[in-house]
file my_file-v9.cif (mmCIF, C-alpha atoms)
data_model
#
loop_
_atom_site.label_atom_id
_atom_site.label_comp_id
_atom_site.auth_asym_id
_atom_site.auth_seq_id
_atom_site.Cartn_x
_atom_site.Cartn_y
_atom_site.Cartn_z
CA MET A 940 -86.25 -11.99 -125.86
CA THR A 941 -84.94 -14.50 -128.38
CA ARG A 942 -83.71 -11.76 -130.72
CA GLU A 943 -82.11 -9.94 -127.80
CA ALA A 944 -80.40 -13.13 -126.66
CA TYR A 945 -79.10 -13.82 -130.15
CA GLU A 946 -77.70 -10.30 -130.55
CA THR A 947 -76.07 -10.57 -127.11
CA LEU A 948 -74.31 -13.75 -128.19
CA ARG A 949 -73.19 -12.08 -131.42
CA LYS A 950 -71.62 -9.26 -129.39
CA LYS A 951 -69.87 -11.82 -127.21
CA GLY A 952 -68.70 -13.70 -130.30
CA TYR A 953 -67.13 -10.58 -131.81
CA ALA A 954 -65.44 -9.71 -128.53
CA LEU A 955 -63.97 -13.21 -128.23
CA ALA A 956 -62.88 -13.21 -131.88
CA GLY A 957 -60.56 -10.31 -131.05
CA GLY A 958 -58.88 -7.99 -133.51
CA LEU A 959 -57.89 -8.61 -137.09
CA SER A 960 -54.57 -10.26 -136.25
CA ASP A 961 -55.79 -12.33 -133.28
CA LEU A 962 -55.84 -15.56 -135.28
CA SER A 963 -54.38 -17.60 -132.43
CA GLN A 964 -57.13 -16.39 -130.10
CA ARG A 965 -59.77 -17.32 -132.64
CA ALA A 966 -58.26 -20.80 -132.93
CA CYS A 967 -58.73 -21.20 -129.17
CA VAL A 968 -62.35 -20.05 -129.39
CA TYR A 969 -62.97 -22.43 -132.28
CA HIS A 970 -61.45 -25.29 -130.32
CA HIS A 971 -63.69 -24.49 -127.36
CA MET A 972 -66.78 -24.81 -129.60
CA TYR A 973 -65.55 -28.19 -130.82
CA GLU A 974 -64.91 -29.40 -127.28
CA ALA A 975 -68.26 -28.03 -126.05
CA SER A 976 -70.05 -30.19 -128.62
CA GLY A 977 -68.43 -33.32 -127.25
CA ASN A 978 -66.33 -33.49 -130.45
CA ARG A 979 -69.48 -33.66 -132.59
CA ASN A 980 -69.27 -30.28 -134.33
CA VAL A 981 -66.13 -30.65 -136.43
CA PHE A 982 -66.52 -27.37 -138.32
CA PRO A 983 -64.80 -25.23 -135.63
CA LEU A 984 -61.93 -27.73 -135.30
CA ILE A 985 -61.19 -27.44 -139.02
CA ALA A 986 -61.68 -23.67 -138.76
CA ALA A 987 -59.07 -23.56 -135.98
CA HIS A 988 -56.58 -25.15 -138.37
CA GLY A 989 -57.63 -22.64 -141.01
CA ALA A 990 -56.92 -19.72 -138.70
CA LEU A 991 -53.50 -21.04 -137.67
CA TRP A 992 -52.50 -21.93 -141.23
CA ALA A 993 -53.61 -18.49 -142.42
CA SER A 994 -51.43 -16.81 -139.81
CA GLY A 995 -48.32 -18.31 -141.38
CA TYR A 996 -49.64 -17.80 -144.90
CA PHE A 997 -50.17 -14.07 -144.34
CA LYS A 998 -46.62 -13.69 -143.05
CA LYS A 999 -45.21 -15.49 -146.09
CA GLY A 1000 -47.41 -13.38 -148.35
CA MET A 1001 -46.16 -10.11 -146.88
CA PHE A 1002 -42.56 -11.29 -147.20
CA GLY A 1003 -43.16 -12.31 -150.80
CA GLY A 1004 -44.70 -8.93 -151.49
CA LYS A 1005 -41.63 -7.18 -150.15
CA VAL A 1006 -39.39 -9.30 -152.39
CA LEU A 1007 -41.51 -8.57 -155.47
CA SER A 1008 -41.58 -4.86 -154.65
CA ILE A 1009 -37.80 -4.65 -155.16
CA GLN A 1010 -38.49 -4.09 -158.87
CA TYR A 1011 -39.83 -0.66 -157.88
CA LEU A 1012 -36.67 0.24 -155.98
CA LEU A 1013 -36.26 3.51 -157.87
CA THR A 1014 -39.81 4.60 -157.05
CA PRO A 1015 -40.25 4.29 -153.27
CA TRP A 1016 -43.76 5.72 -153.38
CA LEU A 1017 -44.81 2.85 -155.64
CA ILE A 1018 -43.33 0.31 -153.21
CA LYS A 1019 -45.35 1.84 -150.40
CA GLN A 1020 -48.50 1.89 -152.53
CA HIS A 1021 -48.19 -1.78 -153.44
CA LEU A 1022 -47.31 -2.94 -149.91
CA ASP A 1023 -50.14 -0.88 -148.41
CA SER A 1024 -52.58 -2.46 -150.86
CA LEU A 1025 -51.26 -5.93 -149.97
CA SER A 1026 -51.65 -5.21 -146.27
CA GLU A 1027 -55.23 -4.04 -146.83
CA PHE A 1028 -55.92 -7.16 -148.93
CA ALA A 1029 -54.65 -9.42 -146.14
CA ASP A 1030 -56.68 -7.50 -143.56
CA ARG A 1031 -59.84 -8.15 -145.57
CA PHE A 1032 -59.23 -11.88 -145.19
CA ARG A 1033 -58.40 -11.53 -141.50
CA ASP A 1034 -61.71 -9.72 -141.08
CA ILE A 1035 -63.52 -12.55 -142.85
CA ASN A 1036 -61.92 -15.01 -140.43
CA ARG A 1037 -62.97 -12.81 -137.51
CA ARG A 1038 -66.58 -12.58 -138.65
CA VAL A 1039 -66.88 -16.31 -139.32
CA CYS A 1040 -65.63 -17.04 -135.80
CA ALA A 1041 -68.02 -14.57 -134.17
CA GLU A 1042 -71.10 -15.58 -136.13
CA SER A 1043 -70.36 -19.30 -135.71
CA TYR A 1044 -70.08 -18.76 -131.96
CA ALA A 1045 -73.46 -17.00 -131.83
CA LEU A 1046 -75.19 -19.67 -133.91
CA TYR A 1047 -73.76 -22.56 -131.94
CA TYR A 1048 -74.54 -21.21 -128.48
CA TYR A 1049 -77.90 -19.74 -129.38
CA THR A 1050 -79.12 -23.08 -130.67
CA ARG A 1051 -77.61 -24.86 -127.68
CA ASP A 1052 -79.46 -22.68 -125.16
CA HIS A 1053 -82.71 -21.92 -127.01
CA GLU A 1054 -85.45 -24.02 -128.54
CA GLU A 1055 -85.79 -24.13 -132.30
CA THR A 1056 -87.93 -21.23 -133.49
CA ASP A 1057 -88.83 -19.37 -136.67
CA LEU A 1058 -86.12 -16.86 -135.74
CA ILE A 1059 -83.23 -19.28 -136.01
CA ARG A 1060 -84.73 -21.06 -139.02
CA SER A 1061 -84.96 -17.70 -140.79
CA ILE A 1062 -81.26 -17.12 -140.11
CA ILE A 1063 -79.79 -20.52 -141.00
CA GLY A 1064 -82.55 -22.43 -142.77
CA LYS A 1065 -84.49 -25.57 -141.80
CA ASP A 1066 -81.88 -28.15 -142.83
CA PHE A 1067 -79.03 -26.48 -140.94
CA ALA A 1068 -81.21 -25.96 -137.88
CA LYS A 1069 -82.31 -29.59 -137.93
CA VAL A 1070 -78.83 -31.11 -137.87
CA LEU A 1071 -77.47 -28.52 -135.42
CA TYR A 1072 -80.24 -29.27 -132.92
CA GLU A 1073 -79.63 -32.98 -133.44
CA CYS A 1074 -76.00 -32.34 -132.45
CA HIS A 1075 -77.10 -30.61 -129.23
CA ARG A 1076 -79.55 -33.40 -128.36
CA SER A 1077 -76.87 -36.00 -128.96
CA LYS A 1078 -74.51 -34.13 -126.63
CA ASP A 1079 -77.19 -33.83 -123.92
CA LEU A 1080 -78.11 -37.52 -124.17
CA GLY A 1081 -74.55 -38.76 -124.61
CA SER A 1082 -75.66 -40.64 -127.71
CA GLN A 1083 -73.64 -41.47 -130.78
CA PHE A 1084 -73.33 -38.81 -133.49
CA SER A 1085 -72.27 -40.70 -136.57
CA ARG A 1086 -69.65 -39.70 -139.12
CA GLU A 1087 -72.48 -39.13 -141.59
CA SER A 1088 -74.15 -36.73 -139.14
CA ARG A 1089 -70.86 -34.96 -138.45
CA GLU A 1090 -70.28 -34.52 -142.18
CA GLU A 1091 -73.80 -33.17 -142.70
CA LEU A 1092 -73.30 -30.67 -139.86
CA PHE A 1093 -69.91 -29.63 -141.25
CA ASN A 1094 -71.36 -29.15 -144.71
CA GLN A 1095 -74.27 -27.07 -143.43
CA PHE A 1096 -72.00 -24.90 -141.27
CA PHE A 1097 -69.43 -24.47 -144.03
CA ARG A 1098 -71.94 -23.66 -146.75
CA TRP A 1099 -73.77 -21.19 -144.51
CA GLU A 1100 -70.65 -19.19 -143.68
CA GLN A 1101 -69.49 -19.32 -147.29
CA GLU A 1102 -72.82 -18.07 -148.59
CA ASN A 1103 -73.47 -15.42 -145.95
CA ILE A 1104 -70.01 -14.15 -144.99
CA VAL A 1105 -67.13 -15.42 -147.09
CA ALA A 1106 -68.32 -15.33 -150.71
CA PRO A 1107 -69.34 -11.66 -150.98
CA SER A 1108 -66.32 -10.49 -149.00
CA VAL A 1109 -63.81 -12.58 -150.98
CA THR A 1110 -65.28 -11.32 -154.25
CA GLU A 1111 -64.88 -7.73 -153.08
CA ALA A 1112 -61.34 -8.34 -151.80
CA TYR A 1113 -60.09 -9.67 -155.13
CA ALA A 1114 -62.01 -7.05 -157.13
CA THR A 1115 -60.31 -4.19 -155.28
CA PHE A 1116 -56.76 -5.66 -155.32
CA HIS A 1117 -54.79 -4.69 -158.41
CA TRP A 1118 -51.20 -5.87 -157.88
CA ARG A 1119 -51.27 -8.36 -160.75
CA ALA A 1120 -48.33 -10.58 -159.81
CA VAL A 1121 -49.36 -11.01 -156.16
CA LYS A 1122 -53.02 -11.39 -157.09
CA TYR A 1123 -52.10 -14.25 -159.41
CA LEU A 1124 -50.38 -16.04 -156.52
CA ALA A 1125 -53.16 -15.21 -154.05
CA LEU A 1126 -55.71 -16.89 -156.32
CA ARG A 1127 -53.65 -20.11 -156.22
CA PRO A 1128 -52.73 -20.93 -152.63
CA ARG A 1129 -51.70 -24.45 -151.72
CA VAL A 1130 -53.47 -25.18 -148.46
CA SER A 1131 -51.69 -27.67 -146.23
CA PHE A 1132 -53.12 -28.03 -142.74
CA SER A 1133 -50.82 -29.71 -140.27
CA TYR A 1134 -52.98 -32.83 -139.95
CA PHE A 1135 -52.97 -33.51 -143.71
CA GLY A 1136 -49.73 -35.46 -143.59
CA LYS A 1137 -46.93 -35.69 -146.14
CA GLY A 1138 -47.91 -35.79 -149.77
CA TYR A 1139 -51.39 -34.37 -149.22
CA ASP A 1140 -52.41 -30.78 -149.78
CA LEU A 1141 -55.19 -28.78 -151.44
CA PRO A 1142 -53.94 -26.64 -154.33
CA PHE A 1143 -56.41 -24.05 -155.62
CA GLU A 1144 -56.86 -22.96 -159.20
CA ASP A 1145 -59.08 -20.02 -158.23
CA PHE A 1146 -59.57 -19.21 -154.56
CA SER A 1147 -62.17 -16.60 -155.49
CA SER A 1148 -64.49 -19.42 -156.63
CA LYS A 1149 -67.04 -20.29 -153.97
CA GLU A 1150 -67.63 -23.67 -155.59
CA GLU A 1151 -63.94 -24.56 -155.39
CA ARG A 1152 -63.68 -23.40 -151.78
CA VAL A 1153 -66.67 -25.55 -150.84
CA ALA A 1154 -65.26 -28.59 -152.66
CA LYS A 1155 -61.85 -28.21 -151.00
CA GLY A 1156 -63.52 -27.63 -147.62
CA VAL A 1157 -65.29 -30.98 -147.90
CA MET A 1158 -61.96 -32.61 -148.80
CA ALA A 1159 -60.33 -31.06 -145.71
CA TYR A 1160 -63.14 -32.41 -143.54
CA ARG A 1161 -62.95 -35.92 -144.98
CA ARG A 1162 -59.20 -35.95 -144.56
CA ALA A 1163 -59.73 -35.07 -140.89
CA GLU A 1164 -62.09 -38.00 -140.39
CA ASP A 1165 -59.70 -40.36 -142.18
CA VAL A 1166 -56.74 -39.21 -140.06
CA GLY A 1167 -58.78 -39.36 -136.86
CA LEU A 1168 -60.24 -36.37 -135.00
CA SER A 1169 -58.00 -36.88 -131.96
CA GLN A 1170 -54.97 -36.61 -134.25
CA VAL A 1171 -56.44 -33.53 -135.89
CA GLU A 1172 -56.85 -31.93 -132.47
CA GLU A 1173 -53.31 -32.86 -131.46
CA ALA A 1174 -51.97 -31.40 -134.72
CA LEU A 1175 -52.96 -27.88 -133.60
CA ARG A 1176 -49.60 -27.72 -131.81
CA HIS A 1177 -47.62 -28.27 -135.00
CA TYR A 1178 -48.05 -24.68 -136.18
CA GLY A 1179 -46.01 -23.45 -133.22
CA ILE A 1180 -48.40 -20.54 -132.72
CA LEU A 1181 -50.77 -21.45 -129.88
CA PRO A 1182 -49.49 -20.57 -126.39
CA ALA A 1183 -48.31 -23.24 -123.97
CA ALA A 1184 -51.19 -22.33 -121.64
CA PHE A 1185 -53.64 -23.63 -124.24
CA PHE A 1186 -52.07 -27.07 -124.29
CA ARG A 1187 -51.77 -27.22 -120.50
CA ASP A 1188 -55.49 -26.55 -120.00
CA PRO A 1189 -57.61 -25.51 -123.01
CA ARG A 1190 -60.68 -24.74 -120.89
CA ALA A 1191 -58.80 -22.54 -118.46
CA HIS A 1192 -57.13 -20.74 -121.34
CA TYR A 1193 -60.52 -20.11 -122.96
CA GLN A 1194 -61.87 -18.70 -119.70
CA ALA A 1195 -58.87 -16.39 -119.53
CA ILE A 1196 -59.76 -15.16 -123.03
CA VAL A 1197 -63.34 -14.56 -121.88
CA ARG A 1198 -62.20 -12.54 -118.87
CA ALA A 1199 -59.77 -10.50 -120.95
CA SER A 1200 -62.21 -9.89 -123.82
CA LEU A 1201 -65.47 -9.12 -122.07
CA PRO A 1202 -66.27 -6.42 -119.51
CA SER A 1203 -67.72 -7.90 -116.34
CA ALA A 1204 -71.03 -6.16 -117.07
CA VAL A 1205 -71.39 -8.06 -120.34
CA ILE A 1206 -70.57 -11.36 -118.65
CA ASP A 1207 -73.21 -10.60 -116.01
CA GLN A 1208 -75.76 -9.76 -118.72
CA ILE A 1209 -75.16 -13.05 -120.53
CA THR A 1210 -75.31 -15.00 -117.28
CA ALA A 1211 -78.59 -13.34 -116.37
CA LEU A 1212 -80.12 -14.11 -119.77
CA VAL A 1213 -79.13 -17.78 -119.53
CA ALA A 1214 -80.46 -18.03 -115.96
CA GLU A 1215 -83.76 -16.42 -116.98
CA LEU A 1216 -84.20 -18.88 -119.84
CA ASN A 1217 -83.38 -21.88 -117.66
#
call {"tool": "encode", "arguments": {"input": "my_file-v9.cif", "output": "structure tokens"}}
result
Amino acid sequence: MTREAYETLRKKGYALAGGLSDLSQRACVYHHMYEASGNRNVFPLIAAHGALWASGYFKKGMFGGKVLSIQYLLTPWLIKQHLDSLSEFADRFRDINRRVCAESYALYYYTRDHEETDLIRSIIGKDFAKVLYECHRSKDLGSQFSRESREELFNQFFRWEQENIVAPSVTEAYATFHWRAVKYLALRPRVSFSYFGKGYDLPFEDFSSKEERVAKGVMAYRRAEDVGLSQVEEALRHYGILPAAFFRDPRAHYQAIVRASLPSAVIDQITALVAELN
């Protein structure tokens, strides 16, 4: 039953994560996970910023690609070839974002609703399981979850998704993308989430490096704590992407996403599984 329950949550996670370009929807799902933890699990809050920032970054990247393709004006087929390859490259990263959202959802809610077992430890490891279950117990008891505990949970979540989802997919994406000029720029993004504030950003030397992504991820987390998590949450509106309905009532907006994303039969199945376990 535990394996069945986990796979059911994975299916729900992928449905809620939406299609490749549904970055705004994923930001809402991420925010819901953060709120559901009583603001203890900061990983999805930072991931929501990542999704919204990426939405604008992809648009700028496609525009830049069109500008650079002007040099091939006399060979329209080459313009199409390069722009198609850029679109495929961007879609690979959108798919990574989609999978991280879905798998994070399944992990968070499985551990919230099920006791710690060999199954979940085999999926995420003992250390990750330990701090994630501590987060759930803290939420249930209404006890303090310190900044040190929040950072440990963030690090475990971030390293798990980097190791199991992001790293192999990013390596493949860069290996199969051959537009030299755009690839050079894509390896060196300057990440600037809206809560960073003026004069603070995270420039990359090599985005394909897992070690650099992990180091910059920790810096993004620590900046969030220094700014204040309430300010980080408020800064989601600064991208101008999330719908007004989200800011009016985030929970109601999330439920609307659930209703739109999942057939009623799937919702009934999940409800039945939770009721059986409780």
call {"tool": "closest_residue", "arguments": {"input": "my_file-v9.cif", "among": "A:Lys998, A:His988, A:Lys1019, A:Arg1060", "to": "A:Cys967", "atoms": "all atoms listed in the file"}}
result
A:His988
call {"tool": "atom_distance", "arguments": {"input": "my_file-v9.cif", "atom1": "atom CA of A:Asp1023", "atom2": "atom CA of A:Gly1003"}}
result
13.6 Å
call {"tool": "resolve_selection", "arguments": {"input": "my_file-v9.cif", "expression": "the PyMOL selection byres ((chain A and resi 989) around 12)", "output": "ChimeraX atom specification"}}
result
/A:962-963,965-967,969-970,982-988,990-997,1032-1033,1035-1037,1039-1040,1130-1134,1156,1159-1160,1175,1178
call {"tool": "closest_residue", "arguments": {"input": "my_file-v9.cif", "among": "A:Val981, A:Ala1029, A:Val968, A:Leu1071", "to": "A:Arg1161", "atoms": "all atoms listed in the file"}}
result
A:Val981
call {"tool": "residues_around", "arguments": {"input": "my_file-v9.cif", "residues": "A:Asn1103", "least_positions_apart": "2", "cutoff": "12 Å", "atoms": "all atoms listed in the file", "output": "list of chain:residue names"}}
result
A:Ile1035, A:Arg1038, A:Val1039, A:Glu1042, A:Ser1043, A:Ile1062, A:Ile1063, A:Gly1064, A:Gln1095, A:Phe1096, A:Phe1097, A:Arg1098, A:Trp1099, A:Glu1100, A:Gln1101, A:Val1105, A:Ala1106, A:Pro1107, A:Ser1108, A:Val1109, A:Lys1149
call {"tool": "residues_around", "arguments": {"input": "my_file-v9.cif", "residues": "A:Arg949", "least_positions_apart": "6", "cutoff": "10 Å", "atoms": "all atoms listed in the file", "output": "MDAnalysis selection string"}}
result
chainID A and resid 943 955 1038 1041:1046 1048:1049
call {"tool": "closest_residue", "arguments": {"input": "my_file-v9.cif", "among": "A:Leu1025, A:Leu1181, A:Leu948, A:Ala1154", "to": "A:Ala1112", "atoms": "all atoms listed in the file"}}
result
A:Leu1025
call {"tool": "residues_around", "arguments": {"input": "my_file-v9.cif", "residues": "A:Ser1200", "least_positions_apart": "4", "cutoff": "8 Å", "atoms": "all atoms listed in the file", "output": "MDAnalysis selection string"}}
result
chainID A and resid 954:955 957 1196
call {"tool": "write_last_selection", "arguments": {"input": "my_file-v9.cif", "atoms": "C-alpha atoms", "output": "PDB file, keeping the file's coordinate frame"}}
result
ATOM      1  CA  ALA A 954     -65.440  -9.710-128.530  1.00  0.00           C
ATOM      2  CA  LEU A 955     -63.970 -13.210-128.230  1.00  0.00           C
ATOM      3  CA  GLY A 957     -60.560 -10.310-131.050  1.00  0.00           C
ATOM      4  CA  ILE A1196     -59.760 -15.160-123.030  1.00  0.00           C
TER       5      ILE A1196
END
call {"tool": "atom_distance", "arguments": {"input": "my_file-v9.cif", "atom1": "atom CA of A:Leu1092", "atom2": "atom CA of A:Asn978"}}
result
12.0 Å
call {"tool": "closest_residue", "arguments": {"input": "my_file-v9.cif", "among": "A:Val1006, A:Phe1135, A:Leu1017, A:Arg979", "to": "A:Tyr1072", "atoms": "only C-alpha atoms"}}
result
A:Arg979
call {"tool": "closest_residue", "arguments": {"input": "my_file-v9.cif", "among": "A:Gln1083, A:Ser1026, A:Ser1088, A:Ser1169", "to": "A:Phe1067", "atoms": "only C-alpha atoms"}}
result
A:Ser1088
call {"tool": "atom_distance", "arguments": {"input": "my_file-v9.cif", "atom1": "atom CA of A:Val1153", "atom2": "atom CA of A:Thr1050"}}
result
23.8 Å
call {"tool": "closest_residue", "arguments": {"input": "my_file-v9.cif", "among": "A:Gln1010, A:Tyr953, A:Ser976, A:His1177", "to": "A:Ala1120", "atoms": "all atoms listed in the file"}}
result
A:Gln1010
call {"tool": "axis_aligned_box", "arguments": {"input": "my_file-v9.cif", "around": "stretch 1017-1034 of chain A", "padding_each_side": "8 Å", "output": "JSON"}}
result
{"center_x": -52.5, "center_y": -4.5, "center_z": -148.4, "size_x": 34.4, "size_y": 30.7, "size_z": 30.6}
call {"tool": "decode", "arguments": {"input": "my_file-v9.cif", "residues": "stretch 1088-1098 of chain A", "atoms": "all heavy atoms", "output": "tab-separated table (two decimals), in the first residue's frame"}}
result
chain	number	residue	atom	x	y	z
A	1088	SER	N	17.52	24.29	11.39
A	1088	SER	CA	16.73	23.16	10.90
A	1088	SER	C	16.18	23.46	9.51
A	1088	SER	O	16.17	22.58	8.64
A	1088	SER	CB	15.59	22.85	11.86
A	1088	SER	OG	16.09	22.42	13.11
A	1089	ARG	N	15.72	24.69	9.30
A	1089	ARG	CA	15.21	25.06	7.98
A	1089	ARG	C	16.31	24.97	6.93
A	1089	ARG	O	16.08	24.52	5.80
A	1089	ARG	CB	14.62	26.48	8.02
A	1089	ARG	CG	13.37	26.61	8.86
A	1089	ARG	CD	12.62	27.91	8.58
A	1089	ARG	NE	13.42	29.10	8.87
A	1089	ARG	CZ	13.47	29.70	10.06
A	1089	ARG	NH1	12.79	29.21	11.08
A	1089	ARG	NH2	14.21	30.81	10.23
A	1090	GLU	N	17.51	25.41	7.28
A	1090	GLU	CA	18.62	25.34	6.33
A	1090	GLU	C	18.99	23.89	6.03
A	1090	GLU	O	19.27	23.55	4.87
A	1090	GLU	CB	19.84	26.10	6.84
A	1090	GLU	CG	20.99	26.08	5.86
A	1090	GLU	CD	22.06	27.12	6.13
A	1090	GLU	OE1	21.86	27.97	7.02
A	1090	GLU	OE2	23.09	27.10	5.43
A	1091	GLU	N	19.00	23.04	7.05
A	1091	GLU	CA	19.31	21.63	6.82
A	1091	GLU	C	18.27	21.00	5.90
A	1091	GLU	O	18.62	20.25	4.99
A	1091	GLU	CB	19.35	20.89	8.16
A	1091	GLU	CG	19.51	19.38	8.05
A	1091	GLU	CD	20.83	18.95	7.42
A	1091	GLU	OE1	21.77	19.77	7.34
A	1091	GLU	OE2	20.92	17.78	7.01
A	1092	LEU	N	16.98	21.31	6.12
A	1092	LEU	CA	15.93	20.77	5.27
A	1092	LEU	C	16.08	21.29	3.84
A	1092	LEU	O	15.94	20.52	2.88
A	1092	LEU	CB	14.55	21.12	5.83
A	1092	LEU	CG	13.35	20.63	5.01
A	1092	LEU	CD1	13.41	19.12	4.79
A	1092	LEU	CD2	12.04	21.03	5.70
A	1093	PHE	N	16.34	22.58	3.70
A	1093	PHE	CA	16.55	23.14	2.36
A	1093	PHE	C	17.70	22.42	1.66
A	1093	PHE	O	17.60	22.02	0.49
A	1093	PHE	CB	16.84	24.64	2.43
A	1093	PHE	CG	17.19	25.22	1.08
A	1093	PHE	CD1	16.20	25.66	0.23
A	1093	PHE	CD2	18.51	25.30	0.66
A	1093	PHE	CE1	16.50	26.18	-1.03
A	1093	PHE	CE2	18.83	25.80	-0.59
A	1093	PHE	CZ	17.82	26.24	-1.44
A	1094	ASN	N	18.81	22.28	2.36
A	1094	ASN	CA	19.99	21.66	1.76
A	1094	ASN	C	19.70	20.22	1.32
A	1094	ASN	O	20.11	19.80	0.24
A	1094	ASN	CB	21.16	21.68	2.73
A	1094	ASN	CG	21.75	23.06	2.91
A	1094	ASN	OD1	21.56	23.94	2.06
A	1094	ASN	ND2	22.47	23.29	4.00
A	1095	GLN	N	19.00	19.47	2.16
A	1095	GLN	CA	18.68	18.09	1.82
A	1095	GLN	C	17.75	18.02	0.61
A	1095	GLN	O	17.96	17.21	-0.31
A	1095	GLN	CB	18.05	17.38	3.02
A	1095	GLN	CG	18.98	17.13	4.18
A	1095	GLN	CD	20.03	16.07	3.88
A	1095	GLN	OE1	19.90	15.29	2.94
A	1095	GLN	NE2	21.09	16.05	4.69
A	1096	PHE	N	16.72	18.86	0.61
A	1096	PHE	CA	15.79	18.91	-0.52
A	1096	PHE	C	16.53	19.31	-1.79
A	1096	PHE	O	16.38	18.68	-2.86
A	1096	PHE	CB	14.67	19.91	-0.24
A	1096	PHE	CG	13.29	19.33	-0.32
A	1096	PHE	CD1	12.42	19.41	0.76
A	1096	PHE	CD2	12.84	18.70	-1.47
A	1096	PHE	CE1	11.14	18.87	0.70
A	1096	PHE	CE2	11.56	18.17	-1.55
A	1096	PHE	CZ	10.72	18.25	-0.46
A	1097	PHE	N	17.32	20.37	-1.70
A	1097	PHE	CA	17.99	20.90	-2.89
A	1097	PHE	C	19.01	19.91	-3.45
A	1097	PHE	O	19.08	19.68	-4.66
A	1097	PHE	CB	18.68	22.23	-2.53
A	1097	PHE	CG	19.16	23.00	-3.73
A	1097	PHE	CD1	18.25	23.61	-4.58
A	1097	PHE	CD2	20.51	23.13	-4.00
A	1097	PHE	CE1	18.69	24.33	-5.69
A	1097	PHE	CE2	20.96	23.84	-5.09
A	1097	PHE	CZ	20.04	24.44	-5.95
A	1098	ARG	N	19.78	19.30	-2.57
A	1098	ARG	CA	20.78	18.34	-3.03
A	1098	ARG	C	20.13	17.09	-3.62
A	1098	ARG	O	20.64	16.52	-4.58
A	1098	ARG	CB	21.72	17.97	-1.88
A	1098	ARG	CG	22.64	19.09	-1.48
A	1098	ARG	CD	23.53	18.71	-0.29
A	1098	ARG	NE	24.35	19.84	0.13
A	1098	ARG	CZ	25.51	20.17	-0.41
A	1098	ARG	NH1	26.00	19.43	-1.41
A	1098	ARG	NH2	26.19	21.21	0.03
